[in-house]
Structures are given as C-alpha cells and as structure tokens.
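What follows is the content of target-v4.csv, which has CSV, C-alpha atoms:
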chain,number,residue,atom,x,y,z
A,16,MET,CA,29.1,5.4,11.2
A,17,SER,CA,29.5,1.7,11.9
A,18,LEU,CA,26.9,-0.8,13.1
A,19,SER,CA,27.9,-0.9,16.7
A,20,LEU,CA,26.9,0.4,20.1
A,21,ILE,CA,29.1,2.4,22.4
A,22,PRO,CA,29.1,1.5,26.2
A,23,GLY,CA,27.1,4.1,28.1
A,24,GLN,CA,25.3,5.5,25.1
A,25,LYS,CA,21.6,6.3,25.3
A,26,LEU,CA,19.4,3.6,23.8
A,27,ILE,CA,15.6,3.7,23.4
A,28,ALA,CA,13.8,0.5,24.4
A,29,ALA,CA,11.0,0.8,21.8
A,30,THR,CA,8.2,-0.6,24.0
A,31,HIS,CA,5.4,0.9,26.1
A,32,ASN,CA,5.5,-2.2,28.3
A,33,PRO,CA,7.6,-1.2,31.5
A,34,GLY,CA,8.3,-4.9,32.2
A,35,LYS,CA,9.8,-5.4,28.8
A,36,ALA,CA,11.9,-2.3,29.1
A,37,ARG,CA,13.3,-3.5,32.4
A,38,GLU,CA,14.0,-6.9,30.8
A,39,ILE,CA,15.7,-5.3,27.8
A,40,SER,CA,17.9,-3.2,30.2
A,41,ALA,CA,18.9,-6.3,32.2
A,42,LEU,CA,19.7,-8.3,29.1
A,43,LEU,CA,21.9,-5.5,27.9
A,44,ASP,CA,24.0,-6.1,31.1
A,45,GLY,CA,23.3,-2.5,32.2
A,46,ARG,CA,25.9,-1.3,29.6
A,47,PHE,CA,23.6,1.4,28.1
A,48,GLU,CA,21.4,4.2,29.4
A,49,VAL,CA,18.1,2.7,28.5
A,50,VAL,CA,15.1,5.1,28.1
A,51,THR,CA,11.7,3.9,27.2
A,52,ALA,CA,9.6,5.0,24.2
A,53,ALA,CA,6.8,5.8,26.7
A,54,SER,CA,9.0,8.1,28.8
A,55,LEU,CA,9.8,10.0,25.6
A,56,ASN,CA,6.1,10.2,24.7
A,57,LEU,CA,6.7,8.4,21.4
A,58,PRO,CA,3.5,7.2,19.8
A,59,GLU,CA,3.2,3.4,19.3
A,60,PRO,CA,3.2,2.4,15.6
A,61,ASP,CA,0.8,-0.2,14.2
A,62,GLU,CA,2.4,-3.6,13.9
A,63,THR,CA,1.5,-4.1,10.2
A,64,GLU,CA,4.2,-6.5,9.2
A,65,VAL,CA,3.7,-10.3,8.7
A,66,SER,CA,7.0,-11.4,10.3
A,67,PHE,CA,8.6,-11.0,13.8
A,68,ILE,CA,11.7,-9.4,12.1
A,69,GLY,CA,9.5,-7.0,10.1
A,70,ASN,CA,7.6,-5.8,13.2
A,71,ALA,CA,10.8,-5.5,15.3
A,72,ILE,CA,12.4,-3.3,12.6
A,73,LEU,CA,9.2,-1.3,12.2
A,74,LYS,CA,9.1,-0.5,15.9
A,75,ALA,CA,12.9,0.3,16.2
A,76,ARG,CA,13.0,2.5,13.1
A,77,HIS,CA,9.9,4.4,14.2
A,78,ALA,CA,11.4,5.2,17.6
A,79,ALA,CA,14.9,6.0,16.2
A,80,THR,CA,13.4,8.3,13.5
A,81,LYS,CA,11.1,10.1,15.9
A,82,ALA,CA,13.6,10.6,18.6
A,83,GLY,CA,16.8,10.9,16.6
A,84,MET,CA,18.4,8.2,18.8
A,85,THR,CA,19.4,4.6,18.5
A,86,ALA,CA,16.5,2.3,19.4
A,87,LEU,CA,16.0,-1.4,20.2
A,88,ALA,CA,12.8,-3.2,19.7
A,89,ASP,CA,11.7,-6.8,20.1
A,90,ASP,CA,8.9,-8.8,18.6
A,91,SER,CA,8.2,-12.4,19.7
A,92,GLY,CA,5.6,-15.1,19.7
A,93,LEU,CA,4.6,-18.7,19.4
A,94,SER,CA,4.2,-20.5,16.1
A,95,ILE,CA,2.4,-23.8,15.7
A,96,ALA,CA,3.2,-26.1,12.8
A,97,ALA,CA,-0.3,-27.6,12.5
A,98,LEU,CA,-1.9,-24.1,12.5
A,99,ASN,CA,0.4,-23.0,9.6
A,100,GLY,CA,2.5,-21.0,12.0
A,101,ASP,CA,-0.4,-19.3,13.9
A,102,PRO,CA,-0.7,-17.4,16.2
A,103,GLY,CA,2.8,-16.1,15.1
A,104,VAL,CA,2.9,-12.4,14.9
A,105,TYR,CA,-0.7,-12.4,16.2
A,106,SER,CA,0.4,-14.1,19.5
A,107,ALA,CA,-0.4,-11.1,21.7
A,108,ARG,CA,-3.6,-10.3,19.7
A,109,TRP,CA,-5.0,-13.8,20.2
A,110,ALA,CA,-5.0,-13.0,24.0
A,111,GLY,CA,-7.2,-10.0,23.4
A,112,PRO,CA,-7.1,-6.6,25.1
A,113,ASP,CA,-7.3,-8.3,28.5
A,114,LYS,CA,-4.1,-10.3,27.7
A,115,ASP,CA,-6.0,-13.5,28.6
A,116,PHE,CA,-3.6,-16.2,27.6
A,117,THR,CA,-5.8,-18.9,29.3
A,118,ARG,CA,-8.5,-18.0,26.8
A,119,ALA,CA,-5.9,-17.9,24.0
A,120,GLY,CA,-4.7,-21.4,25.0
A,121,GLU,CA,-8.3,-22.7,24.8
A,122,VAL,CA,-8.7,-21.2,21.3
A,123,ILE,CA,-5.4,-23.0,20.3
A,124,GLY,CA,-6.8,-26.3,21.8
A,125,HIS,CA,-9.9,-26.0,19.8
A,126,LYS,CA,-8.0,-25.3,16.6
A,127,LEU,CA,-5.6,-28.1,17.2
A,128,ARG,CA,-8.5,-30.6,17.7
A,129,LYS,CA,-9.8,-29.5,14.3
A,130,ALA,CA,-6.4,-29.7,12.7
A,131,ARG,CA,-5.9,-33.2,14.1
A,132,GLU,CA,-9.1,-34.4,12.4
A,133,GLU,CA,-8.1,-32.7,9.1
A,134,LEU,CA,-4.4,-33.7,9.0
A,135,GLY,CA,-4.7,-37.3,10.4
A,136,ASP,CA,-1.3,-38.9,10.5
A,137,ALA,CA,0.4,-35.7,9.3
A,138,PHE,CA,-0.7,-34.0,12.5
A,139,THR,CA,2.1,-32.9,15.0
A,140,LEU,CA,2.3,-30.8,18.1
A,141,LYS,CA,5.5,-29.1,16.9
A,142,ALA,CA,5.8,-25.5,17.7
A,143,TRP,CA,8.5,-22.9,18.1
A,144,PHE,CA,9.0,-19.6,20.0
A,145,THR,CA,10.7,-16.8,18.1
A,146,CYS,CA,12.3,-13.6,19.4
A,147,ALA,CA,13.3,-11.0,16.8
A,148,LEU,CA,15.4,-8.0,18.0
A,149,ALA,CA,16.1,-4.9,15.9
A,150,VAL,CA,18.5,-2.1,16.5
A,151,ALA,CA,17.8,1.0,14.4
A,152,TRP,CA,20.2,3.9,14.1
A,153,PRO,CA,18.9,7.4,13.5
A,154,GLU,CA,21.0,7.6,10.3
A,155,GLY,CA,18.7,4.9,8.8
A,156,PRO,CA,20.4,1.5,9.0
A,157,ALA,CA,19.0,-1.3,11.2
A,158,ALA,CA,20.4,-4.6,12.4
A,159,VAL,CA,18.3,-7.7,13.2
A,160,PHE,CA,18.9,-10.8,15.3
A,161,GLU,CA,16.6,-13.8,15.8
A,162,GLY,CA,16.4,-16.6,18.3
A,163,VAL,CA,14.2,-19.6,17.9
A,164,VAL,CA,13.4,-22.4,20.4
A,165,HIS,CA,11.7,-25.5,19.0
A,166,GLY,CA,9.4,-27.7,21.1
A,167,GLU,CA,5.9,-29.1,21.4
A,168,ILE,CA,2.5,-27.8,22.5
A,169,VAL,CA,1.2,-29.2,25.9
A,170,LEU,CA,-2.5,-29.1,26.5
A,171,PRO,CA,-3.8,-28.4,29.0
A,172,GLY,CA,-1.0,-26.1,30.0
A,173,ARG,CA,1.2,-26.8,33.0
A,174,GLY,CA,3.0,-24.5,35.5
A,175,ASP,CA,2.5,-21.0,36.8
A,176,LYS,CA,5.9,-19.4,36.3
A,177,GLY,CA,6.7,-17.4,33.2
A,178,PHE,CA,4.0,-15.6,31.2
A,179,GLY,CA,2.1,-15.6,28.0
A,180,TYR,CA,2.1,-19.0,26.2
A,181,ASP,CA,4.8,-20.5,28.5
A,182,PRO,CA,2.4,-23.0,30.2
A,183,ILE,CA,1.6,-24.7,26.8
A,184,PHE,CA,5.1,-24.9,25.4
A,185,ARG,CA,7.6,-27.7,26.3
A,186,PRO,CA,11.1,-27.1,24.7
A,187,ASP,CA,12.7,-30.0,22.9
A,188,GLY,CA,15.0,-31.9,25.3
A,189,TYR,CA,13.1,-31.0,28.5
A,190,ASP,CA,10.2,-32.6,30.4
A,191,THR,CA,8.9,-29.4,31.7
A,192,THR,CA,7.0,-26.5,30.1
A,193,PHE,CA,8.5,-23.0,30.1
A,194,ALA,CA,6.1,-22.2,32.9
A,195,GLU,CA,7.3,-25.1,35.1
A,196,MET,CA,10.9,-24.0,34.8
A,197,ASP,CA,12.7,-21.8,37.2
A,198,PRO,CA,12.8,-18.3,35.5
A,199,ASN,CA,16.7,-18.4,35.5
A,200,ALA,CA,16.6,-21.8,33.9
A,201,LYS,CA,14.2,-20.7,31.2
A,202,ASP,CA,16.1,-17.5,30.6
A,203,ALA,CA,19.2,-19.5,29.9
A,204,ILE,CA,17.7,-21.3,27.0
A,205,SER,CA,15.0,-19.0,25.8
A,206,HIS,CA,14.4,-17.6,22.3
A,207,ARG,CA,15.0,-14.1,23.8
A,208,HIS,CA,18.3,-15.3,25.3
A,209,LEU,CA,19.4,-16.7,21.9
A,210,ALA,CA,18.5,-13.4,20.1
A,211,PHE,CA,20.4,-11.3,22.7
A,212,GLU,CA,23.4,-13.6,22.5
A,213,GLN,CA,23.6,-12.9,18.7
A,214,LEU,CA,23.1,-9.2,19.4
A,215,ARG,CA,25.9,-9.1,22.0
A,216,ALA,CA,28.3,-11.0,19.7
A,217,ALA,CA,27.7,-8.6,16.9
A,218,LEU,CA,27.3,-5.2,18.6
A,219,PHE,CA,29.2,-5.1,21.9
B,183,MET,CA,31.7,-11.6,14.6
B,184,SER,CA,31.0,-7.9,13.9
B,185,LEU,CA,28.6,-6.6,11.3
B,186,SER,CA,31.1,-5.7,8.7
B,187,LEU,CA,32.3,-6.9,5.3
B,188,ILE,CA,36.0,-7.7,4.6
B,189,PRO,CA,37.4,-6.5,1.3
B,190,GLY,CA,37.8,-9.4,-1.1
B,191,GLN,CA,35.4,-11.7,0.7
B,192,LYS,CA,32.9,-13.8,-1.1
B,193,LEU,CA,29.4,-12.3,-1.2
B,194,ILE,CA,26.3,-13.9,-2.7
B,195,ALA,CA,24.1,-11.5,-4.7
B,196,ALA,CA,20.8,-13.1,-3.7
B,197,THR,CA,19.1,-12.6,-7.1
B,198,HIS,CA,18.4,-14.8,-10.1
B,199,ASN,CA,18.5,-11.7,-12.4
B,200,PRO,CA,22.0,-11.5,-14.0
B,201,GLY,CA,21.5,-7.8,-14.7
B,202,LYS,CA,20.8,-7.1,-11.1
B,203,ALA,CA,23.8,-9.2,-10.0
B,204,ARG,CA,26.1,-7.1,-12.3
B,205,GLU,CA,24.6,-3.9,-10.9
B,206,ILE,CA,25.1,-5.0,-7.3
B,207,SER,CA,28.7,-6.0,-8.1
B,208,ALA,CA,29.4,-2.6,-9.7
B,209,LEU,CA,27.7,-0.7,-6.8
B,210,LEU,CA,30.0,-2.6,-4.4
B,211,ASP,CA,33.0,-1.0,-6.2
B,212,GLY,CA,34.3,-4.4,-7.1
B,213,ARG,CA,35.5,-4.8,-3.5
B,214,PHE,CA,34.1,-8.3,-3.1
B,215,GLU,CA,34.0,-11.5,-5.0
B,216,VAL,CA,30.3,-11.5,-5.9
B,217,VAL,CA,28.7,-14.8,-6.8
B,218,THR,CA,25.0,-15.1,-7.8
B,219,ALA,CA,22.4,-17.2,-6.1
B,220,ALA,CA,21.7,-18.7,-9.6
B,221,SER,CA,25.3,-19.9,-10.0
B,222,LEU,CA,25.1,-21.6,-6.7
B,223,ASN,CA,21.8,-23.3,-7.7
B,224,LEU,CA,20.0,-21.7,-4.7
B,225,PRO,CA,16.2,-21.9,-4.9
B,226,GLU,CA,14.3,-18.6,-5.1
B,227,PRO,CA,12.2,-18.0,-2.0
B,228,ASP,CA,8.6,-16.7,-2.2
B,229,GLU,CA,8.5,-13.0,-1.4
B,230,THR,CA,5.8,-13.2,1.2
B,231,GLU,CA,6.6,-10.1,3.2
B,232,VAL,CA,4.6,-6.8,3.0
B,233,SER,CA,7.5,-4.4,3.1
B,234,PHE,CA,10.6,-3.9,0.9
B,235,ILE,CA,12.8,-4.4,4.0
B,236,GLY,CA,11.0,-7.6,4.9
B,237,ASN,CA,11.5,-9.1,1.4
B,238,ALA,CA,15.1,-8.0,1.2
B,239,ILE,CA,15.9,-9.7,4.5
B,240,LEU,CA,13.9,-12.8,3.6
B,241,LYS,CA,15.9,-13.2,0.3
B,242,ALA,CA,19.3,-12.4,1.9
B,243,ARG,CA,18.8,-14.7,4.9
B,244,HIS,CA,17.5,-17.5,2.7
B,245,ALA,CA,20.7,-17.4,0.6
B,246,ALA,CA,23.0,-17.0,3.6
B,247,THR,CA,21.5,-19.9,5.4
B,248,LYS,CA,21.4,-22.2,2.4
B,249,ALA,CA,24.9,-21.4,1.3
B,250,GLY,CA,26.6,-20.7,4.6
B,251,MET,CA,28.0,-17.5,3.2
B,252,THR,CA,27.2,-13.7,3.6
B,253,ALA,CA,24.5,-12.6,1.2
B,254,LEU,CA,23.2,-9.3,-0.2
B,255,ALA,CA,19.7,-8.9,-1.5
B,256,ASP,CA,17.7,-5.9,-2.7
B,257,ASP,CA,14.0,-5.3,-3.0
B,258,SER,CA,12.6,-2.1,-4.6
B,259,GLY,CA,9.6,-0.6,-6.1
B,260,LEU,CA,7.3,2.4,-6.7
B,261,SER,CA,4.7,3.5,-4.1
B,262,ILE,CA,1.9,5.9,-5.0
B,263,ALA,CA,0.2,8.0,-2.3
B,264,ALA,CA,-3.3,8.1,-3.9
B,265,LEU,CA,-3.2,4.3,-4.3
B,266,ASN,CA,-2.4,3.7,-0.6
B,267,GLY,CA,1.2,2.9,-1.5
B,268,ASP,CA,0.5,0.5,-4.3
B,269,PRO,CA,2.0,-1.1,-6.3
B,270,GLY,CA,4.7,-1.1,-3.6
B,271,VAL,CA,6.1,-4.6,-3.0
B,272,TYR,CA,3.9,-5.8,-5.8
B,273,SER,CA,5.7,-3.4,-8.4
B,274,ALA,CA,7.2,-6.3,-10.4
B,275,ARG,CA,4.0,-8.4,-10.1
B,276,TRP,CA,1.9,-5.6,-11.6
B,277,ALA,CA,4.0,-5.9,-14.7
B,278,GLY,CA,3.1,-9.6,-15.0
B,279,PRO,CA,5.2,-12.5,-16.2
B,280,ASP,CA,6.1,-10.7,-19.4
B,281,LYS,CA,7.5,-7.7,-17.3
B,282,ASP,CA,5.2,-5.4,-19.3
B,283,PHE,CA,5.6,-2.1,-17.6
B,284,THR,CA,3.7,-0.2,-20.3
B,285,ARG,CA,0.7,-2.3,-19.4
B,286,ALA,CA,1.4,-1.8,-15.7
B,287,GLY,CA,1.6,2.0,-16.4
B,288,GLU,CA,-1.9,1.8,-18.0
B,289,VAL,CA,-3.3,0.0,-15.0
B,290,ILE,CA,-1.8,2.8,-12.8
B,291,GLY,CA,-3.4,5.4,-15.0
B,292,HIS,CA,-6.8,3.8,-14.8
B,293,LYS,CA,-6.6,3.5,-11.0
B,294,LEU,CA,-5.4,7.1,-10.6
B,295,ARG,CA,-8.4,8.4,-12.6
B,296,LYS,CA,-10.7,6.5,-10.3
B,297,ALA,CA,-8.8,7.8,-7.2
B,298,ARG,CA,-9.0,11.4,-8.5
B,299,GLU,CA,-12.8,11.0,-8.7
B,300,GLU,CA,-13.0,9.6,-5.2
B,301,LEU,CA,-10.5,11.8,-3.5
B,302,GLY,CA,-11.4,15.1,-5.1
B,303,ASP,CA,-9.2,17.9,-3.7
B,304,ALA,CA,-7.3,15.5,-1.6
B,305,PHE,CA,-5.9,13.8,-4.7
B,306,THR,CA,-2.2,14.1,-5.4
B,307,LEU,CA,0.3,12.5,-7.8
B,308,LYS,CA,2.8,12.1,-5.1
B,309,ALA,CA,4.9,8.9,-5.3
B,310,TRP,CA,8.2,7.5,-4.1
B,311,PHE,CA,10.7,4.9,-5.2
B,312,THR,CA,12.2,2.7,-2.4
B,313,CYS,CA,15.2,0.5,-2.5
B,314,ALA,CA,15.8,-1.8,0.5
B,315,LEU,CA,19.1,-3.7,0.8
B,316,ALA,CA,19.8,-6.5,3.3
B,317,VAL,CA,23.1,-8.1,4.2
B,318,ALA,CA,22.7,-11.4,6.0
B,319,TRP,CA,25.5,-13.3,7.7
B,320,PRO,CA,25.4,-17.1,8.0
B,321,GLU,CA,25.6,-16.8,11.8
B,322,GLY,CA,22.1,-15.2,11.7
B,323,PRO,CA,22.3,-11.5,12.0
B,324,ALA,CA,21.2,-9.2,9.2
B,325,ALA,CA,21.6,-5.5,8.4
B,326,VAL,CA,19.2,-3.4,6.4
B,327,PHE,CA,19.6,-0.1,4.5
B,328,GLU,CA,16.9,1.9,2.7
B,329,GLY,CA,16.9,4.6,0.1
B,330,VAL,CA,13.8,6.6,-0.8
B,331,VAL,CA,13.4,9.2,-3.6
B,332,HIS,CA,10.2,11.3,-3.6
B,333,GLY,CA,8.5,12.6,-6.7
B,334,GLU,CA,5.4,12.6,-8.8
B,335,ILE,CA,3.7,10.3,-11.3
B,336,VAL,CA,3.8,11.5,-14.9
B,337,LEU,CA,1.2,10.1,-17.3
B,338,PRO,CA,1.6,9.3,-20.1
B,339,GLY,CA,5.2,8.2,-19.3
B,340,ARG,CA,8.1,10.0,-21.0
B,341,GLY,CA,11.6,8.8,-22.0
B,342,ASP,CA,13.1,5.5,-23.1
B,343,LYS,CA,16.2,5.2,-20.8
B,344,GLY,CA,16.0,3.3,-17.5
B,345,PHE,CA,13.6,0.5,-16.9
B,346,GLY,CA,10.5,-0.5,-15.1
B,347,TYR,CA,8.4,2.4,-13.9
B,348,ASP,CA,11.2,5.0,-14.7
B,349,PRO,CA,9.1,6.7,-17.5
B,350,ILE,CA,6.2,7.6,-15.2
B,351,PHE,CA,8.3,8.9,-12.3
B,352,ARG,CA,9.6,12.5,-12.1
B,353,PRO,CA,11.8,13.0,-9.0
B,354,ASP,CA,11.2,16.2,-6.9
B,355,GLY,CA,13.5,19.1,-8.1
B,356,TYR,CA,13.8,17.8,-11.7
B,357,ASP,CA,11.8,18.5,-14.9
B,358,THR,CA,12.6,15.1,-16.4
B,359,THR,CA,11.4,11.6,-15.6
B,360,PHE,CA,13.9,8.9,-14.5
B,361,ALA,CA,13.6,7.5,-18.0
B,362,GLU,CA,14.6,10.9,-19.6
B,363,MET,CA,17.7,11.2,-17.5
B,364,ASP,CA,21.2,10.1,-18.6
B,365,PRO,CA,21.7,6.8,-16.7
B,366,ASN,CA,24.7,8.2,-14.8
B,367,ALA,CA,22.6,11.2,-13.7
B,368,LYS,CA,19.8,9.0,-12.5
B,369,ASP,CA,22.2,6.6,-10.7
B,370,ALA,CA,23.7,9.6,-8.8
B,371,ILE,CA,20.3,10.5,-7.2
B,372,SER,CA,18.4,7.2,-7.3
B,373,HIS,CA,16.9,5.3,-4.4
B,374,ARG,CA,19.4,2.4,-5.0
B,375,HIS,CA,22.3,4.9,-4.9
B,376,LEU,CA,21.0,6.2,-1.5
B,377,ALA,CA,20.6,2.7,-0.1
B,378,PHE,CA,24.1,1.7,-1.2
B,379,GLU,CA,25.6,4.9,0.2
B,380,GLN,CA,24.1,3.9,3.6
B,381,LEU,CA,25.5,0.4,3.2
B,382,ARG,CA,29.0,1.6,2.3
B,383,ALA,CA,29.1,4.1,5.2
B,384,ALA,CA,28.1,1.3,7.7
B,385,LEU,CA,29.9,-1.8,6.4
B,386,PHE,CA,33.0,-0.8,4.3
As structure tokens, the full file:
Amino acid sequence: MSLSLIPGQKLIAATHNPGKAREISALLDGRFEVVTAASLNLPEPDETEVSFIGNAILKARHAATKAGMTALADDSGLSIAALNGDPGVYSARWAGPDKDFTRAGEVIGHKLRKAREELGDAFTLKAWFTCALAVAWPEGPAAVFEGVVHGEIVLPGRGDKGFGYDPIFRPDGYDTTFAEMDPNAKDAISHRHLAFEQLRAALF
Amino acid sequence: MSLSLIPGQKLIAATHNPGKAREISALLDGRFEVVTAASLNLPEPDETEVSFIGNAILKARHAATKAGMTALADDSGLSIAALNGDPGVYSARWAGPDKDFTRAGEVIGHKLRKAREELGDAFTLKAWFTCALAVAWPEGPAAVFEGVVHGEIVLPGRGDKGFGYDPIFRPDGYDTTFAEMDPNAKDAISHRHLAFEQLRAALF
C-alpha cells in the first residue's frame, strides 16, 4: 500500500455531526464516496488525547479499524495564549452539552480578566485556531495534517455568521472577526482550509 | 509533495540516544542518510502527549520543523492490562534517571500484587509492547505507524539479553521472555519490527 487516496474510493467521515460530514465531503471536492460514521453505526470513541492531532488520529483509526475502510477525522479548536492554550482540545466541551458558545465566551472573558490581573504587562489577547485532519488506512498507517490561523480574542464577540468561537476571534491582518466575514471569505483563509490544502497536496 | 521517502535522502533520527539512532538506521536498511537530532544540536522536546503515537509525532514534527528536514521518531513502551495500561508512555520514566529497569520491575510487581487483591478473578497478567513511529515532513504533514505485540508479564523477570522491560515480558505463543530470546529472533517478531514493516510498506 502507499499513503494515497484513489479518486472515487469510499471514505468514512469519522464524525457523527451531519454538518461536519457535508463540509468534509465538499472540501474533498466530491472526489470520494463519503459515508459517515453514524450511517455505519460506528460507536463514537472518547476523545482522550491532549492534542488536536492525537484526537484526530484516535477518531480516524477507530473508524478505519471498526469498518475496515479508510477514514478521515478532524479535530479543531481555539487556543488562547494567556490561558495556557485553553480551551484547546476542550473547545467543544467548554460550550457544554447545549453547545452554548455564548456562555463559553463569557467564561473566557472571566478567565481573561483574571489572567490580565495576574500577568500584568505580559498579558496578550493572542490566540490561534487549529484544525487537525487525520486519514487512517485499515492496514494501520495514518497521516496527519494541521492548519493554524493566528489572531486575537475580541470581547464582546462580533458578528453572527460562522459558528462556535468565530465571533470572538479576529485573524491577524483583518479588521473583522471570523463571524463578521462572508463564509466564503472565511473558508478561504481558515485553519480547516489550510489543513485540507496540505491534505490535498499530499494525498490527491 | 507526496508522503514518501526518496532513497538516499537525508533523514533525521529524532532521538538523542545514539543506540536508538543506530537501530533506526539499520532498520531503514541503510537506504537513507540518517543524521541524529543530537548531531544537529536540536533541543529535545518534552514528551507531553498521553499516547505513543502522540509523542512520536511530537518528536518528529519538532525535529522536522527546527531543521527543515524530514524526521523520523519512535516512542515505545509496555502496557499492562491490570494497571490500566501503565506504565505505557511513562515506561522510561518509571525506570528513573538511572534507567533502572530492575527497580521498575519491582514497582510493577508490587502494583500487580495489589491489583490481584483488588481485581480477584478479573485479574490477568496480560500486557503488550507498543512501538509508534512517526515520519514528519518539513512542509507539515506526518505519517504514523504502530506495531503491537501481545503477551504476559513474567515475575520475577528471566533472561539477560535485550533491554528495558524485556525480562518481564513473554510474547504470546512463546515460552521465553524477550530477554531470553536471541536478539535476531526477538527482532523478527518485535513491536518495533512490526511498526517498521508498516513504514516500509507505505513509504519505500
């Protein structure tokens, strides 16, 4: 085997989120027959790793092993310098079971005020979005790709496009938050876009 | 770029252990010009991940990024079922700065006696050795390969060949521990061998 993907082959999108599965399919230019982990009744593994790459590999390998088919998984989130990289791999968990990112933004605001007091002049609003993608082959190997966009936290958040932490993140070189950008404009510079560019260059 | 290695290319063995670097070079059939992270004065990163694959990627990416060159790293260890997978990624750390694996074996014996009391009939001596290999390209992508050998803990340990936890591990299907085996016989069935077989199949 070689670490590549063959146009038209079946590929599991190792996610139970239908929106994410559609997004993955679109980002793969429709080149593959994408099936979701949910449609195959694959159980969702616990995300026990401490890095985006670790969790992406864990999810992709889990699906590839269970289904005997090549699988693609992503793991992504927001890391904030003054919070030692938090929420990081816990980005989704900070929003709780209700996926309440307004509440998560308030928690971040509270923690940043405390960090500002503690860090004084060393305090910054620097933050970065990471997207890790993993492709796992049923024979065992896996490949990983990572995209990172650096920027700053904006509080209170601005904009109602996008999702998740998009309203509180302004990428470097732009005046607008991710949630104020036209979705196409955001997609063209996003961490997910960068990760998929790497994947396409290596595997297509 | 594609995820492959070109015969004769330079490859960093992302380890500061000269023995490991020689072993990696030999396992690569002398196909590449292997240079060590130590000879390039690359700093050693902290192994902060909770999985073998996570740590192998961390070390390989760190070297590839710092040196702008393709890098190979390994991470391996012994996991014991009755100890919830410990020592696992902490295998080397349990032996302390003096790399005293006799002492580490005694600690394991003590913990296993406690586990036997707690688990009763559910107690087993099942264990497995894992070797994770990661190749990281300076452009960002990485590929991972994993070999696992299942077996049982033998206490007290037997044999004086091999190294590390070899005396206390008997692979399934054999009467001898890894440390009682001829090195060539062990190398032919080892977790490291299996991981390199995967790597060779995918990247050579």
Minimum-distance residue to Gly120 of chain A, chosen among A:Gly100, A:Pro171, A:Pro22, A:Gly34 (using all atoms listed in the file):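 Between A:Gly100, A:Pro171, A:Pro22, A:Gly34, the residue approaching Gly120 of chain A most closely is A:Pro171.
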Select all residues from chain A having any atom no more than 9 Å from an atom of chain B (counting all atoms listed in the file, ignoring ligands), output as a list of chain:residue names.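 Residues passing the distance filter: A:Met16, A:Ser17, A:Leu18, A:Ser19, A:Thr63, A:Glu64, A:Val65, A:Ser66, A:Ile68, A:Gly69, A:Ile72, A:Glu154, A:Gly155, A:Pro156, A:Ala157, A:Ala158, A:Val159, A:Phe160, A:Glu161, A:Gly162, A:Gln213, A:Leu214, A:Ala216, A:Ala217, A:Leu218, A:Phe219.
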For the residues selected in the previous step, produce a file with C-alpha atoms as a compact mmCIF listing (two decimals), in the frame of the given file.
# COMPACT_ATOMS: atom_id res chain seq x y z
CA MET A 16 29.10 5.40 11.20
CA SER A 17 29.50 1.70 11.90
CA LEU A 18 26.90 -0.80 13.10
CA SER A 19 27.90 -0.90 16.70
CA THR A 63 1.50 -4.10 10.20
CA GLU A 64 4.20 -6.50 9.20
CA VAL A 65 3.70 -10.30 8.70
CA SER A 66 7.00 -11.40 10.30
CA ILE A 68 11.70 -9.40 12.10
CA GLY A 69 9.50 -7.00 10.10
CA ILE A 72 12.40 -3.30 12.60
CA GLU A 154 21.00 7.60 10.30
CA GLY A 155 18.70 4.90 8.80
CA PRO A 156 20.40 1.50 9.00
CA ALA A 157 19.00 -1.30 11.20
CA ALA A 158 20.40 -4.60 12.40
CA VAL A 159 18.30 -7.70 13.20
CA PHE A 160 18.90 -10.80 15.30
CA GLU A 161 16.60 -13.80 15.80
CA GLY A 162 16.40 -16.60 18.30
CA GLN A 213 23.60 -12.90 18.70
CA LEU A 214 23.10 -9.20 19.40
CA ALA A 216 28.30 -11.00 19.70
CA ALA A 217 27.70 -8.60 16.90
CA LEU A 218 27.30 -5.20 18.60
CA PHE A 219 29.20 -5.10 21.90
Which one is closest to Lys241 of chain B: B:Asn366, B:Thr306, B:Thr284, B:Thr197? Count only C-alpha atoms.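 So, comparing all the options, the nearest one is B:Thr197.
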What gap, in Å, lies between atom CA of Ala41 of chain A and atom CA of Asp197 of chain A? 17.4 Å
With distances taken over all atoms listed in the file, which residue among B:Leu222, B:Ala253, B:Ala242, B:Ala264 lies nearest Asp303 of chain B? B:Ala264
Between atom CA of Ala36 of chain A and atom CA of Thr51 of chain A - distance in Å to one decimal: 6.5 Å
Please write as a ChimeraX atom specification the list of polymer residues whose atoms come within 8 Å of (-1.0, 10.6, -5.8), counting all atoms listed in the file and keeping to the coordinates of the file. /B:262-265,294,305-309,334-335
For a cut-off of 10 Å around (8.5, -18.7, 33.7), file coordinates, pick out all residues using all atoms listed in the file and list them as a list in words.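 These residues have at least one counted atom within 10 Å: Gly174, Asp175, Lys176, Gly177, Phe178, Gly179, Tyr180, Asp181, Pro182, Thr192, Phe193, Ala194, Glu195, Met196, Asp197, Pro198, Asn199, Ala200, Lys201 and Asp202 of chain A.
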Could you work out how far atom CA of Trp143 of chain A lies from atom CA of Gly92 of chain A, giving the answer in Å with one decimal? 8.5 Å
So, counting only C-alpha atoms, which residue among B:Ala249, B:Ile290, B:Ile194, B:Leu187 is closest to Asp268 of chain B?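 When distances to Asp268 of chain B are compared using only C-alpha atoms, the smallest one comes from B:Ile290.
Nearest residue to Ala71 of chain A, choosing from A:Leu87, A:Leu93, A:Ile183, A:Leu209 and counting only C-alpha atoms: A:Leu87.
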Given all atoms listed in the file as the counted atoms, nearest of A:Val164, A:Val169, A:Ile21, A:Ala53 to Ile204 of chain A: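 Of A:Val164, A:Val169, A:Ile21, A:Ala53, the one nearest Ile204 of chain A is A:Val164, counting all atoms listed in the file.
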